[in-house]
Structures are given as structure tokens and as C-alpha cells.
$ cat protein-v6.cif   # mmCIF, C-alpha atoms
data_model
#
loop_
_atom_site.label_atom_id
_atom_site.label_comp_id
_atom_site.auth_asym_id
_atom_site.auth_seq_id
_atom_site.Cartn_x
_atom_site.Cartn_y
_atom_site.Cartn_z
CA MET A 581 104.77 132.57 113.04
CA SER A 582 101.69 132.26 115.25
CA LEU A 583 101.22 128.90 116.96
CA VAL A 584 97.81 127.27 117.14
CA ALA A 585 97.01 125.85 120.59
CA PHE A 586 97.66 122.13 120.79
CA PRO A 587 94.39 120.26 121.51
CA ARG A 588 94.26 118.48 124.86
CA PRO A 589 91.75 116.02 126.41
CA VAL A 590 88.96 117.59 128.48
CA SER A 591 89.26 117.14 132.25
CA ILE A 592 86.65 114.87 133.83
CA THR A 593 87.31 115.88 137.43
CA ALA A 594 84.17 118.02 137.72
CA LEU A 595 82.02 115.12 136.63
CA ALA A 596 83.41 112.89 139.37
CA LEU A 597 82.96 115.56 142.08
CA VAL A 598 79.18 115.82 141.68
CA ALA A 599 78.65 112.06 141.55
CA GLY A 600 77.76 110.12 144.73
CA PRO A 601 79.30 106.71 145.41
CA ALA A 602 76.37 104.87 143.82
CA THR A 603 76.75 106.60 140.49
CA LEU A 604 80.50 106.94 140.53
CA ALA A 605 81.12 103.64 138.78
CA SER A 606 78.86 104.47 135.87
CA ALA A 607 80.15 108.05 135.78
CA ASN A 608 83.65 106.66 135.58
CA ALA A 609 82.63 104.29 132.83
CA ALA A 610 81.03 107.12 130.85
CA ALA A 611 84.02 109.34 131.46
CA GLN A 612 86.38 106.61 130.31
CA ALA A 613 84.34 106.32 127.13
CA SER A 614 84.12 110.06 126.48
CA ALA A 615 87.75 110.73 127.40
CA ALA A 616 88.95 107.68 125.52
CA PRO A 617 91.74 108.37 123.06
CA LYS A 618 90.29 109.83 119.88
CA ASN A 619 92.21 111.30 116.99
CA ARG A 620 95.59 111.34 118.64
CA VAL A 621 98.59 110.03 116.80
CA VAL A 622 102.29 109.93 117.54
CA MET A 623 104.55 109.61 114.49
CA GLN A 624 108.01 108.12 114.56
CA VAL A 625 110.70 109.58 112.33
CA SER A 626 113.88 107.55 112.71
CA ASP A 627 115.23 107.34 109.18
CA ALA A 628 117.88 109.63 107.66
CA ASP A 629 115.67 109.85 104.59
CA PRO A 630 114.08 113.14 103.48
CA GLY A 631 111.51 111.08 101.57
CA LYS A 632 110.27 109.72 104.91
CA TRP A 633 110.32 113.20 106.43
CA ASN A 634 108.05 114.44 103.66
CA LEU A 635 105.78 111.43 104.06
CA ALA A 636 105.40 112.18 107.78
CA LEU A 637 104.54 115.80 106.99
CA ASN A 638 102.08 114.69 104.27
CA ASN A 639 100.43 112.32 106.72
CA ALA A 640 100.09 115.09 109.30
CA ARG A 641 98.62 117.44 106.72
CA ASN A 642 96.12 114.81 105.51
CA LEU A 643 95.03 113.98 109.05
CA GLN A 644 94.31 117.66 109.70
CA ALA A 645 92.61 118.17 106.31
CA ASP A 646 90.28 115.22 106.86
CA LEU A 647 89.48 115.66 110.52
CA GLY A 648 90.01 119.38 111.06
CA ALA A 649 93.16 120.62 112.74
CA ALA A 650 91.28 121.23 116.00
CA ASN A 651 90.07 117.62 116.11
CA VAL A 652 93.31 115.72 115.96
CA ALA A 653 96.42 115.89 118.10
CA ILE A 654 99.58 115.06 116.17
CA GLU A 655 103.04 114.65 117.62
CA ILE A 656 106.06 113.93 115.43
CA VAL A 657 109.07 112.50 117.28
CA ALA A 658 112.42 112.55 115.48
CA TYR A 659 115.25 110.51 116.92
CA GLY A 660 118.25 108.43 115.96
CA PRO A 661 119.07 108.72 112.26
CA GLY A 662 115.89 110.83 111.85
CA ILE A 663 117.16 113.76 113.90
CA GLY A 664 118.38 115.54 110.75
CA MET A 665 114.74 116.36 109.97
CA LEU A 666 114.86 118.96 112.75
CA LYS A 667 118.29 120.49 112.27
CA ALA A 668 118.43 124.16 111.29
CA ASP A 669 119.65 123.21 107.82
CA SER A 670 116.92 120.59 107.26
CA VAL A 671 115.64 120.32 103.70
CA VAL A 672 112.10 120.30 105.13
CA ALA A 673 112.62 123.34 107.38
CA ASN A 674 109.83 125.32 105.70
CA ARG A 675 107.37 122.48 105.96
CA ILE A 676 108.21 121.99 109.67
CA GLY A 677 107.44 125.67 110.21
CA GLU A 678 104.09 125.24 108.46
CA ALA A 679 103.25 122.15 110.52
CA LEU A 680 104.10 123.98 113.76
CA GLY A 681 101.88 126.84 112.59
CA ARG A 682 99.01 124.40 112.18
CA GLY A 683 99.42 123.07 115.74
CA VAL A 684 101.47 119.94 115.10
CA LYS A 685 103.84 119.20 117.97
CA VAL A 686 107.36 118.37 116.80
CA ASP A 687 109.87 116.82 119.20
CA ALA A 688 113.61 116.31 118.97
CA CYS A 689 115.21 113.56 121.07
CA GLU A 690 117.78 114.95 123.49
CA ASN A 691 119.48 111.55 123.82
CA THR A 692 120.17 111.60 120.09
CA MET A 693 121.29 115.23 120.20
CA ARG A 694 123.84 114.47 122.90
CA GLY A 695 125.14 111.52 120.88
CA GLN A 696 125.58 113.73 117.83
CA LYS A 697 126.90 116.74 119.80
CA LEU A 698 123.94 118.89 118.76
CA THR A 699 122.63 121.75 120.89
CA LYS A 700 119.34 123.61 120.64
CA ALA A 701 121.20 126.30 118.71
CA ASP A 702 121.69 123.75 115.94
CA MET A 703 117.98 122.99 115.68
CA LEU A 704 114.92 124.57 114.07
CA ASP A 705 112.98 127.25 115.95
CA GLY A 706 109.66 126.37 117.54
CA ILE A 707 110.21 122.67 118.08
CA ASP A 708 109.97 120.88 121.42
CA TYR A 709 112.43 118.58 123.12
CA VAL A 710 111.94 115.24 124.85
CA PRO A 711 114.57 113.47 126.95
CA ALA A 712 114.26 110.22 124.95
CA GLY A 713 112.27 109.85 121.75
CA VAL A 714 111.69 106.17 122.23
CA VAL A 715 110.29 106.68 125.74
CA GLU A 716 107.99 109.43 124.44
CA ILE A 717 106.64 107.19 121.69
CA MET A 718 106.01 104.33 124.11
CA GLN A 719 104.32 106.52 126.69
CA LYS A 720 102.05 108.22 124.19
CA GLN A 721 100.81 104.83 123.00
CA GLN A 722 100.18 103.73 126.55
CA GLN A 723 98.12 106.90 127.03
CA GLY A 724 95.96 105.81 124.10
CA TRP A 725 97.59 107.54 121.17
CA ALA A 726 97.74 105.71 117.85
CA TYR A 727 101.18 105.03 116.38
CA LEU A 728 102.28 105.72 112.87
CA ARG A 729 105.64 105.07 111.29
CA PRO A 730 105.64 106.78 107.90
CA MET B 967 85.84 84.62 93.31
CA SER B 968 83.67 84.01 96.39
CA LEU B 969 84.35 86.31 99.32
CA VAL B 970 84.50 84.93 102.84
CA ALA B 971 82.54 87.03 105.35
CA PHE B 972 84.76 89.43 107.27
CA PRO B 973 84.78 88.45 110.97
CA ARG B 974 83.19 90.92 113.36
CA PRO B 975 83.08 91.12 117.18
CA VAL B 976 80.18 89.29 118.85
CA SER B 977 77.40 91.52 120.24
CA ILE B 978 77.12 91.66 124.04
CA THR B 979 73.69 93.31 124.16
CA ALA B 980 71.89 90.15 125.25
CA LEU B 981 74.17 89.78 128.25
CA ALA B 982 73.36 93.31 129.43
CA LEU B 983 69.61 92.85 128.97
CA VAL B 984 69.29 90.01 131.47
CA ALA B 985 71.44 91.70 134.11
CA GLY B 986 69.86 93.80 136.88
CA PRO B 987 71.50 97.04 138.06
CA ALA B 988 73.45 95.28 140.83
CA THR B 989 75.18 92.92 138.45
CA LEU B 990 75.45 95.27 135.53
CA ALA B 991 78.83 96.63 136.59
CA SER B 992 80.41 93.19 136.77
CA ALA B 993 78.60 92.12 133.59
CA ASN B 994 80.05 95.15 131.90
CA ALA B 995 83.48 94.32 133.22
CA ALA B 996 83.20 90.76 131.94
CA ALA B 997 81.82 91.99 128.65
CA GLN B 998 84.66 94.46 128.30
CA ALA B 999 87.06 91.60 128.83
CA SER B 1000 85.33 89.25 126.40
CA ALA B 1001 84.65 91.93 123.77
CA ALA B 1002 88.09 93.47 124.21
CA PRO B 1003 90.08 93.74 121.01
CA LYS B 1004 91.35 90.28 120.08
CA ASN B 1005 93.00 89.20 116.89
CA ARG B 1006 92.41 92.34 114.91
CA VAL B 1007 95.26 93.92 113.03
CA VAL B 1008 95.55 96.82 110.62
CA MET B 1009 98.57 96.71 108.32
CA GLN B 1010 100.16 99.75 106.76
CA VAL B 1011 101.58 99.50 103.25
CA SER B 1012 103.16 102.83 102.31
CA ASP B 1013 106.31 101.80 100.45
CA ALA B 1014 106.68 101.51 96.68
CA ASP B 1015 108.44 98.23 97.25
CA PRO B 1016 106.97 94.91 96.04
CA GLY B 1017 109.13 93.18 98.65
CA LYS B 1018 107.11 94.94 101.36
CA TRP B 1019 103.86 94.10 99.59
CA ASN B 1020 104.76 90.42 99.66
CA LEU B 1021 105.78 90.67 103.32
CA ALA B 1022 102.38 92.17 104.17
CA LEU B 1023 100.63 89.34 102.32
CA ASN B 1024 102.88 86.75 104.00
CA ASN B 1025 102.05 88.24 107.40
CA ALA B 1026 98.32 88.11 106.66
CA ARG B 1027 98.60 84.50 105.53
CA ASN B 1028 100.58 83.51 108.62
CA LEU B 1029 98.10 85.22 110.95
CA GLN B 1030 95.25 83.28 109.36
CA ALA B 1031 97.20 80.00 109.30
CA ASP B 1032 98.05 80.24 112.99
CA LEU B 1033 94.77 81.58 114.35
CA GLY B 1034 92.26 80.36 111.78
CA ALA B 1035 90.88 82.78 109.20
CA ALA B 1036 87.59 83.10 111.11
CA ASN B 1037 89.41 84.16 114.26
CA VAL B 1038 91.38 87.15 113.07
CA ALA B 1039 90.28 90.33 111.32
CA ILE B 1040 92.94 91.70 108.99
CA GLU B 1041 92.82 94.98 107.15
CA ILE B 1042 95.58 96.07 104.78
CA VAL B 1043 95.65 99.80 104.02
CA ALA B 1044 97.72 100.95 101.03
CA TYR B 1045 98.45 104.64 100.68
CA GLY B 1046 101.08 107.09 99.51
CA PRO B 1047 103.93 105.37 97.69
CA GLY B 1048 102.29 102.02 98.57
CA ILE B 1049 99.24 102.53 96.38
CA GLY B 1050 100.85 100.65 93.48
CA MET B 1051 100.18 97.42 95.38
CA LEU B 1052 96.51 97.78 94.47
CA LYS B 1053 96.68 98.99 90.89
CA ALA B 1054 95.27 96.70 88.21
CA ASP B 1055 98.77 95.98 86.94
CA SER B 1056 100.18 95.20 90.40
CA VAL B 1057 102.83 92.48 90.48
CA VAL B 1058 100.99 91.00 93.47
CA ALA B 1059 97.54 91.08 91.82
CA ASN B 1060 97.04 87.33 92.13
CA ARG B 1061 98.03 87.29 95.78
CA ILE B 1062 95.65 90.18 96.53
CA GLY B 1063 92.85 88.14 94.95
CA GLU B 1064 93.75 85.18 97.14
CA ALA B 1065 93.83 87.34 100.27
CA LEU B 1066 90.40 88.82 99.44
CA GLY B 1067 89.12 85.29 98.93
CA ARG B 1068 90.30 84.39 102.43
CA GLY B 1069 88.43 87.34 103.97
CA VAL B 1070 91.25 89.88 104.27
CA LYS B 1071 89.98 93.44 103.82
CA VAL B 1072 92.14 95.49 101.45
CA ASP B 1073 91.75 99.27 101.27
CA ALA B 1074 93.05 101.86 98.82
CA CYS B 1075 93.40 105.46 99.97
CA GLU B 1076 91.26 107.83 97.91
CA ASN B 1077 93.42 110.82 98.91
CA THR B 1078 96.40 109.13 97.31
CA MET B 1079 94.38 108.11 94.25
CA ARG B 1080 93.31 111.71 93.64
CA GLY B 1081 96.90 112.86 93.96
CA GLN B 1082 98.02 110.29 91.40
CA LYS B 1083 94.98 110.79 89.14
CA LEU B 1084 93.86 107.19 89.64
CA THR B 1085 90.22 106.12 89.42
CA LYS B 1086 88.59 102.89 90.57
CA ALA B 1087 88.87 101.67 86.97
CA ASP B 1088 92.64 101.68 87.43
CA MET B 1089 92.49 99.50 90.52
CA LEU B 1090 92.14 95.79 91.29
CA ASP B 1091 88.67 94.27 91.57
CA GLY B 1092 87.25 93.42 94.97
CA ILE B 1093 89.18 95.93 97.04
CA ASP B 1094 87.64 98.57 99.30
CA TYR B 1095 88.23 102.30 99.43
CA VAL B 1096 88.80 104.62 102.38
CA PRO B 1097 88.80 108.43 102.18
CA ALA B 1098 92.22 108.71 103.85
CA GLY B 1099 94.48 105.78 104.60
CA VAL B 1100 96.21 107.48 107.50
CA VAL B 1101 92.89 108.32 109.18
CA GLU B 1102 91.73 104.72 108.77
CA ILE B 1103 94.92 103.39 110.36
CA MET B 1104 94.63 105.79 113.29
CA GLN B 1105 90.97 105.05 113.89
CA LYS B 1106 91.38 101.29 113.77
CA GLN B 1107 94.08 101.49 116.44
CA GLN B 1108 91.86 103.64 118.60
CA GLN B 1109 89.15 101.00 118.25
CA GLY B 1110 91.58 98.46 119.66
CA TRP B 1111 93.17 97.00 116.56
CA ALA B 1112 96.86 96.13 116.67
CA TYR B 1113 99.14 97.88 114.17
CA LEU B 1114 101.67 96.26 111.94
CA ARG B 1115 104.00 97.88 109.47
CA PRO B 1116 105.58 95.08 107.44
CA MET C 913 125.91 85.12 131.76
CA SER C 914 123.39 85.75 134.55
CA LEU C 915 119.90 86.62 133.43
CA VAL C 916 117.95 89.39 135.13
CA ALA C 917 114.34 88.42 135.93
CA PHE C 918 111.90 89.74 133.36
CA PRO C 919 109.48 92.21 135.01
CA ARG C 920 105.85 91.10 135.15
CA PRO C 921 102.63 92.90 136.23
CA VAL C 922 101.71 92.54 139.92
CA SER C 923 98.81 90.18 140.68
CA ILE C 924 95.61 91.88 141.88
CA THR C 925 93.86 88.74 143.09
CA ALA C 926 94.42 89.45 146.79
CA LEU C 927 92.88 92.88 146.46
CA ALA C 928 89.70 91.43 144.96
CA LEU C 929 89.40 88.73 147.63
CA VAL C 930 89.04 91.15 150.54
CA ALA C 931 86.58 93.44 148.74
CA GLY C 932 82.82 93.01 149.22
CA PRO C 933 80.44 93.37 146.25
CA ALA C 934 79.88 97.07 146.94
CA THR C 935 83.54 97.97 146.67
CA LEU C 936 84.48 95.45 144.03
CA ALA C 937 83.69 97.76 141.13
CA SER C 938 85.91 100.54 142.43
CA ALA C 939 88.58 98.04 143.44
CA ASN C 940 88.51 96.71 139.91
CA ALA C 941 88.72 100.22 138.52
CA ALA C 942 91.70 101.00 140.73
CA ALA C 943 93.30 97.71 139.86
CA GLN C 944 92.78 98.32 136.18
CA ALA C 945 94.47 101.66 136.59
CA SER C 946 97.41 100.33 138.60
CA ALA C 947 97.82 97.21 136.45
CA ALA C 948 97.27 99.13 133.22
CA PRO C 949 100.02 98.70 130.68
CA LYS C 950 103.00 100.80 131.68
CA ASN C 951 106.44 100.71 130.19
CA ARG C 952 105.98 97.62 128.08
CA VAL C 953 107.10 97.64 124.50
CA VAL C 954 107.30 95.02 121.79
CA MET C 955 109.78 95.73 119.00
CA GLN C 956 109.51 94.36 115.50
CA VAL C 957 112.67 93.41 113.63
CA SER C 958 111.74 92.26 110.13
CA ASP C 959 114.47 93.78 107.96
CA ALA C 960 117.63 92.01 106.80
CA ASP C 961 119.54 95.13 107.77
CA PRO C 962 122.13 95.14 110.57
CA GLY C 963 121.62 98.90 110.81
CA LYS C 964 118.04 98.23 111.94
CA TRP C 965 119.22 95.53 114.32
CA ASN C 966 121.56 97.98 115.99
CA LEU C 967 118.80 100.60 116.15
CA ALA C 968 116.51 98.13 117.91
CA LEU C 969 119.25 97.35 120.41
CA ASN C 970 119.99 101.06 120.89
CA ASN C 971 116.30 101.70 121.53
CA ALA C 972 116.15 98.92 124.10
CA ARG C 973 119.24 100.25 125.84
CA ASN C 974 117.88 103.80 125.91
CA LEU C 975 114.53 102.66 127.29
CA GLN C 976 116.31 100.86 130.12
CA ALA C 977 118.72 103.74 130.74
CA ASP C 978 115.91 106.27 131.02
CA LEU C 979 113.36 104.24 132.95
CA GLY C 980 115.53 101.74 134.82
CA ALA C 981 115.79 98.17 133.57
CA ALA C 982 113.40 96.96 136.30
CA ASN C 983 110.73 99.41 135.20
CA VAL C 984 110.28 98.51 131.56
CA ALA C 985 109.50 95.21 129.87
CA ILE C 986 111.05 94.93 126.43
CA GLU C 987 110.47 92.16 123.93
CA ILE C 988 112.25 92.08 120.57
CA VAL C 989 110.62 89.84 117.97
CA ALA C 990 112.68 88.92 114.90
CA TYR C 991 110.91 87.35 111.95
CA GLY C 992 110.90 87.19 108.17
CA PRO C 993 113.94 88.88 106.67
CA GLY C 994 114.92 89.98 110.22
CA ILE C 995 115.64 86.48 111.49
CA GLY C 996 119.35 86.83 110.68
CA MET C 997 119.66 89.08 113.72
CA LEU C 998 119.36 85.98 115.91
CA LYS C 999 121.45 83.46 114.00
CA ALA C 1000 124.58 82.15 115.70
CA ASP C 1001 126.76 84.07 113.25
CA SER C 1002 124.86 87.35 113.70
CA VAL C 1003 126.99 90.49 113.52
CA VAL C 1004 125.17 91.73 116.64
CA ALA C 1005 125.64 88.49 118.61
CA ASN C 1006 127.56 90.22 121.40
CA ARG C 1007 124.96 92.96 121.75
CA ILE C 1008 122.14 90.38 121.88
CA GLY C 1009 123.97 88.67 124.73
CA GLU C 1010 124.26 91.97 126.56
CA ALA C 1011 120.55 92.73 126.04
CA LEU C 1012 119.59 89.28 127.35
CA GLY C 1013 121.82 89.92 130.35
CA ARG C 1014 119.91 93.13 131.07
CA GLY C 1015 116.54 91.32 131.00
CA VAL C 1016 115.42 92.05 127.45
CA LYS C 1017 113.36 89.19 126.01
CA VAL C 1018 114.42 88.24 122.50
CA ASP C 1019 112.21 86.00 120.34
CA ALA C 1020 112.84 84.16 117.10
CA CYS C 1021 109.87 83.25 114.90
CA GLU C 1022 109.58 79.48 114.38
CA ASN C 1023 107.48 79.98 111.22
CA THR C 1024 110.37 81.86 109.67
CA MET C 1025 112.90 79.32 110.91
CA ARG C 1026 110.99 76.47 109.26
CA GLY C 1027 110.83 78.44 106.02
CA GLN C 1028 114.58 78.98 106.10
CA LYS C 1029 115.38 75.46 107.35
CA LEU C 1030 116.90 76.81 110.55
CA THR C 1031 116.93 74.84 113.80
CA LYS C 1032 117.62 76.02 117.33
CA ALA C 1033 121.18 74.78 116.87
CA ASP C 1034 121.62 77.50 114.26
CA MET C 1035 120.51 80.26 116.62
CA LEU C 1036 122.06 82.31 119.42
CA ASP C 1037 122.04 80.97 122.97
CA GLY C 1038 119.59 82.40 125.48
CA ILE C 1039 116.91 83.58 123.10
CA ASP C 1040 113.27 82.53 123.22
CA TYR C 1041 111.06 81.13 120.49
CA VAL C 1042 107.51 82.01 119.45
CA PRO C 1043 105.39 80.00 116.99
CA ALA C 1044 104.67 83.06 114.82
CA GLY C 1045 106.34 86.44 115.22
CA VAL C 1046 103.45 88.35 113.72
CA VAL C 1047 100.94 86.73 116.08
CA GLU C 1048 103.16 87.53 119.06
CA ILE C 1049 103.42 91.19 118.05
CA MET C 1050 99.66 91.47 117.57
CA GLN C 1051 98.84 89.79 120.86
CA LYS C 1052 101.28 91.86 122.88
CA GLN C 1053 99.68 95.04 121.56
CA GLN C 1054 96.25 93.74 122.42
CA GLN C 1055 97.52 93.11 125.95
CA GLY C 1056 98.48 96.78 126.17
CA TRP C 1057 102.08 96.77 125.07
CA ALA C 1058 103.32 99.65 122.98
CA TYR C 1059 104.70 98.86 119.52
CA LEU C 1060 107.93 100.03 118.07
CA ARG C 1061 109.38 99.35 114.65
CA PRO C 1062 112.95 100.63 114.69
#
$ encode --input "protein-v6.cif" --output "C-alpha cells"
Amino acid sequence: MSLVAFPRPVSITALALVAGPATLASANAAAQASAAPKNRVVMQVSDADPGKWNLALNNARNLQADLGAANVAIEIVAYGPGIGMLKADSVVANRIGEALGRGVKVDACENTMRGQKLTKADMLDGIDYVPAGVVEIMQKQQQGWAYLRP
Amino acid sequence: MSLVAFPRPVSITALALVAGPATLASANAAAQASAAPKNRVVMQVSDADPGKWNLALNNARNLQADLGAANVAIEIVAYGPGIGMLKADSVVANRIGEALGRGVKVDACENTMRGQKLTKADMLDGIDYVPAGVVEIMQKQQQGWAYLRP
Amino acid sequence: MSLVAFPRPVSITALALVAGPATLASANAAAQASAAPKNRVVMQVSDADPGKWNLALNNARNLQADLGAANVAIEIVAYGPGIGMLKADSVVANRIGEALGRGVKVDACENTMRGQKLTKADMLDGIDYVPAGVVEIMQKQQQGWAYLRP
């Protein structure tokens, strides 16, 4: 499977370097506007319900279909009772592979894995890991990502 | 049924026009504060569960009761398994009519409608349509709207 | 039970007072950055499901464990069908007490209480009250808090 690069915000450092003090404030304002969160969404999967897992994957697919995969950053975070979505025997394993192939980031919560005695060997290939799903979801929102709970 | 006008943010253009360059930065700062997102909430309805539909409508009613209908913008977006809330035979049809009459915006997802072979003739009168419910919910948040999933 | 002080954002008034007009814009920008919402999350509990109540409490505990209790503000808002979480006979009464003891703010919705003919005498000790849970959740988001629906 080939992975599409995950879109990231453009750096604004160069813009600030060429601006003198007098124009820095307006440059910053413009940069804040242009670098403002756009088309970034973090999805929470915390139910042990394959119906919800499919909904999350449908939502990701529709976001990419409507906006173009290059124009939207999507991160799915599975934790708590939702961790089963990302186990090697997941009923949505194929769809996870497809989502990864389209550049969707998919995270398993290591806190949850420890609690359920799961190791990376028990999980699907190609996914990412975060120390705590709930912290990841909070931080992404505070960085300007939209939140979606399918 | 007479529709109440949907509240929109006040324009700040006039403020900027009378401000010279020296005061523009602070005028902008003040304007950002005063025009900052206030009392705007987008609600997600994606469950095929009339109990959730009623909760969403209760939440909308309580927001308007507490803040005044003119002081809060509310948009309910139904998509996926939640689309039944907005079909002509919906069990909450009367309540949707009342919410529309109080200025609540109610959107059906056209992606979902296509998937379920629904046309506008199958849906309740007075509602709005969005190309993709999930995109609408993401974009509203990125424009500063709060998110609520009843 | 001794209550830990609830963390609040640092005041930036002193910073502004010593800054002349020329530096005020950048001081404001810096202040906005440093006072920007960080590690603040409002959790919605609106299901009559003790499983969800325990998930909310797990999430709060994990946020504090990962970030340090002093470094994250957590507010749990129970309303609608979720109000049972905060009744005196709640099955999670002990865990609510522990969360309060670790500085988590826990709010009951007075709108819901009126609807269910509940008074403060029917509720757990140490909790707070908000006029309308849904308004509280909206306002916290618009003040920069992240949203979580366990």
C-alpha cells in the first residue's frame, strides 16, 4: 500500500522575516488569517460498535470526495471501547487500509492498549499511535481542528 | 408558517472606516473581540433514533429560551442514519415546523439523500439543503460555531 | 474532602499597563498566544447510561494523569437524560467525589432539574449548578475550550 502524504499547514516564518516592525502586526494578522484552521477535522471513535466505525469511515470518505483529499486533513482517534476498530482482526480492516491509502491519519490510544493488554503486534499495519486519545482530541481542537463524533 | 429571520453577525466595516492607521490595530482587536463567535451552535443529528431527534429539538428550544431567539444562531444538520428526522413522514415533523418558525436553520445532507434515493419531494417543507452534512459541520466549527452532538 | 483549586488563565492586565502604544499590539499578540486556550475541555454527559458516565470519568482521569491535574481544566456538564449521573443515589457517586477532589468541575443543569422536579437536596454534594447545560457547553467552546462527548 502506498501512503499519500498527510497535508500540513504552510509555514509562515519566511513572511515574518522580511517584515519590519511597522508591518509585522498586519503581517501577523494576515498570516493568522491565511494559516487559520481550514478543512481539518479530528474524529472520535470511542464506541465498541462497528456501525459507528463504518460511519466514521464514511464521513472521512465524504469529506475527501467533496473537498479533495489534498484539501482536508483527517485524523481518526480510536480509544476506550472504540479500540477494537484498529485491532488486526477488525471487521473494518480493509476499509482502514483504504483510508490510510488516501492519506487519512488513524491513531490508536496507547493508554487504552495498555489497559486491554494489547501490543502493536495486535494492531493493524500502517496506523499511528498516540499516548492518550483524549489528550490528542483536545489538543487538535485547541490547534483549530474541527471535532466530529460519528 | 412565517419564518423568523436567521440572526447574523453585525458588520464591523463602519468601525474600520473611521479609524486611521495608528488606531486600526486596536480597532481590529476590539472588533475581533466584539465580532468573535458568540451564541452560534451547529448540531449534529446522525442517529436513526427519534429520542435523539427530540433531544436536539429540546436543546435548540432551551438555547433560545435562555438567550433569546434573536441572540443565538442554531443550525441542525441531519445526515447519514439521522436523515429520517427530516423526511415528510418524520415523527417530529410538527416540532421541526415549530423550530423553523422560531428561526432555527435545519439542513438535510444531499449526499445522504442520493444514497437513500430521496428527493426534495420526500422531505419536510421549509428545510434547507447542504451538499454534504459532514463538510457543513466542519466548516461551521472553523468559522467559530460551537458544536453539539445531542 | 479537600478541594483542589480549579486552574484559571493568568491575567495579562499588568503586561498591558507597562506597554506603550507602539508595543501594545505585539504585547497583545503575545498575550493572546500565551493566554490562548490550552488544556481546557468541557465534557457533555447527556445519556442515561452509567457506561457513558464512567467513560467521562475515565477520560477526566486520563487527561489529568497525562497532563498533570494542575495543567488541565476539566468541566463535566450533565443535562437531559444524563442528569442521573449527579443524583445523590448515582452509581458513580464515589467516583464523582474523587473527581471533585482532584479539581474537576462538575455541573448539573438546572433546566433539567426543574423538568424532573429535582432540587439540590436530591443531588450529590460538592457539585456546581448551571442555569442551562447546553448554554454552558456552547459558551465554553466559544471561550476556547475543547469539547468532548464521551
$ interface_residues --input "protein-v6.cif" --of "chain C" --to "chain B" --cutoff "7 Å" --atoms "only C-alpha atoms" --output "ChimeraX atom specification"
/C:937,1046-1047,1050,1053-1054
$ resolve_selection --input "protein-v6.cif" --expression "the PyMOL selection byres ((chain B and resi 1063) around 12)" --output "PyMOL selection string"
chain B and resi 967-970+1023+1051-1052+1054+1056-1062+1064-1072+1090-1093
$ atom_distance --input "protein-v6.cif" --atom1 "atom CA of Gly1045 of chain C" --atom2 "atom CA of Glu1041 of chain B"
17.9 Å
$ residues_near_point --input "protein-v6.cif" --point "(109.5, 109.9, 115.7)" --cutoff "8 Å" --atoms "all atoms listed in the file" --output "list in words"
Val622, Met623, Gln624, Val625, Ser626, Ile656, Val657, Ala658, Tyr659, Gly662, Asp687, Gly713, Val714, Ile717 and Arg729 of chain A
$ residues_near_point --input "protein-v6.cif" --point "(115.7, 76.8, 114.4)" --cutoff "12 Å" --atoms "all atoms listed in the file" --output "PyMOL selection string"
chain C and resi 991+995-996+998-1000+1019-1037+1039-1043
$ atom_distance --input "protein-v6.cif" --atom1 "atom CA of Gly963 of chain C" --atom2 "atom CA of Ala1044 of chain C"
23.5 Å
$ atom_distance --input "protein-v6.cif" --atom1 "atom CA of Arg1027 of chain B" --atom2 "atom CA of Ile1040 of chain B"
9.8 Å
$ resolve_selection --input "protein-v6.cif" --expression "the PyMOL selection byres ((chain B and resi 1014) around 6)" --output "VMD selection string"
chain B and resid 1013 1015 1047 to 1048
$ axis_aligned_box --input "protein-v6.cif" --around "segment 1018-1036 of chain C" --padding-each-side "8 Å" --output "lines of an AutoDock Vina configuration file"
center_x = 114.8
center_y = 81.5
center_z = 114.3
size_x = 30.6
size_y = 29.5
size_z = 32.5
$ build_atoms --input "protein-v6.cif" --residues "segment 1096-1109 of chain B" --atoms "N, CA and C atoms" --output "PDB file, in the coordinates of the input"
ATOM      1  N   VAL B1096      88.976 103.775 101.197  1.00  0.00           N
ATOM      2  CA  VAL B1096      88.800 104.620 102.380  1.00  0.00           C
ATOM      3  C   VAL B1096      89.182 106.052 101.981  1.00  0.00           C
ATOM      4  N   PRO B1097      88.512 107.049 102.564  1.00  0.00           N
ATOM      5  CA  PRO B1097      88.800 108.430 102.180  1.00  0.00           C
ATOM      6  C   PRO B1097      90.268 108.813 102.404  1.00  0.00           C
ATOM      7  N   ALA B1098      90.822 108.368 103.536  1.00  0.00           N
ATOM      8  CA  ALA B1098      92.220 108.710 103.850  1.00  0.00           C
ATOM      9  C   ALA B1098      92.841 107.542 104.597  1.00  0.00           C
ATOM     10  N   GLY B1099      93.867 106.962 104.010  1.00  0.00           N
ATOM     11  CA  GLY B1099      94.480 105.780 104.600  1.00  0.00           C
ATOM     12  C   GLY B1099      94.990 106.035 106.004  1.00  0.00           C
ATOM     13  N   VAL B1100      95.591 107.185 106.217  1.00  0.00           N
ATOM     14  CA  VAL B1100      96.210 107.480 107.500  1.00  0.00           C
ATOM     15  C   VAL B1100      95.148 107.654 108.588  1.00  0.00           C
ATOM     16  N   VAL B1101      93.994 108.193 108.213  1.00  0.00           N
ATOM     17  CA  VAL B1101      92.890 108.320 109.180  1.00  0.00           C
ATOM     18  C   VAL B1101      92.355 106.928 109.539  1.00  0.00           C
ATOM     19  N   GLU B1102      92.211 106.084 108.532  1.00  0.00           N
ATOM     20  CA  GLU B1102      91.730 104.720 108.770  1.00  0.00           C
ATOM     21  C   GLU B1102      92.659 103.969 109.737  1.00  0.00           C
ATOM     22  N   ILE B1103      93.958 104.099 109.509  1.00  0.00           N
ATOM     23  CA  ILE B1103      94.920 103.390 110.360  1.00  0.00           C
ATOM     24  C   ILE B1103      94.862 103.905 111.793  1.00  0.00           C
ATOM     25  N   MET B1104      94.742 105.224 111.948  1.00  0.00           N
ATOM     26  CA  MET B1104      94.630 105.790 113.290  1.00  0.00           C
ATOM     27  C   MET B1104      93.359 105.324 113.979  1.00  0.00           C
ATOM     28  N   GLN B1105      92.252 105.385 113.262  1.00  0.00           N
ATOM     29  CA  GLN B1105      90.970 105.050 113.890  1.00  0.00           C
ATOM     30  C   GLN B1105      90.891 103.575 114.276  1.00  0.00           C
ATOM     31  N   LYS B1106      91.414 102.719 113.430  1.00  0.00           N
ATOM     32  CA  LYS B1106      91.380 101.290 113.770  1.00  0.00           C
ATOM     33  C   LYS B1106      92.162 101.041 115.058  1.00  0.00           C
ATOM     34  N   GLN B1107      93.317 101.676 115.193  1.00  0.00           N
ATOM     35  CA  GLN B1107      94.080 101.490 116.440  1.00  0.00           C
ATOM     36  C   GLN B1107      93.277 101.982 117.636  1.00  0.00           C
ATOM     37  N   GLN B1108      92.587 103.093 117.457  1.00  0.00           N
ATOM     38  CA  GLN B1108      91.860 103.640 118.600  1.00  0.00           C
ATOM     39  C   GLN B1108      90.605 102.834 118.902  1.00  0.00           C
ATOM     40  N   GLN B1109      90.234 101.950 117.982  1.00  0.00           N
ATOM     41  CA  GLN B1109      89.150 101.000 118.250  1.00  0.00           C
ATOM     42  C   GLN B1109      89.712  99.671 118.776  1.00  0.00           C
TER      43      GLN B1109
END
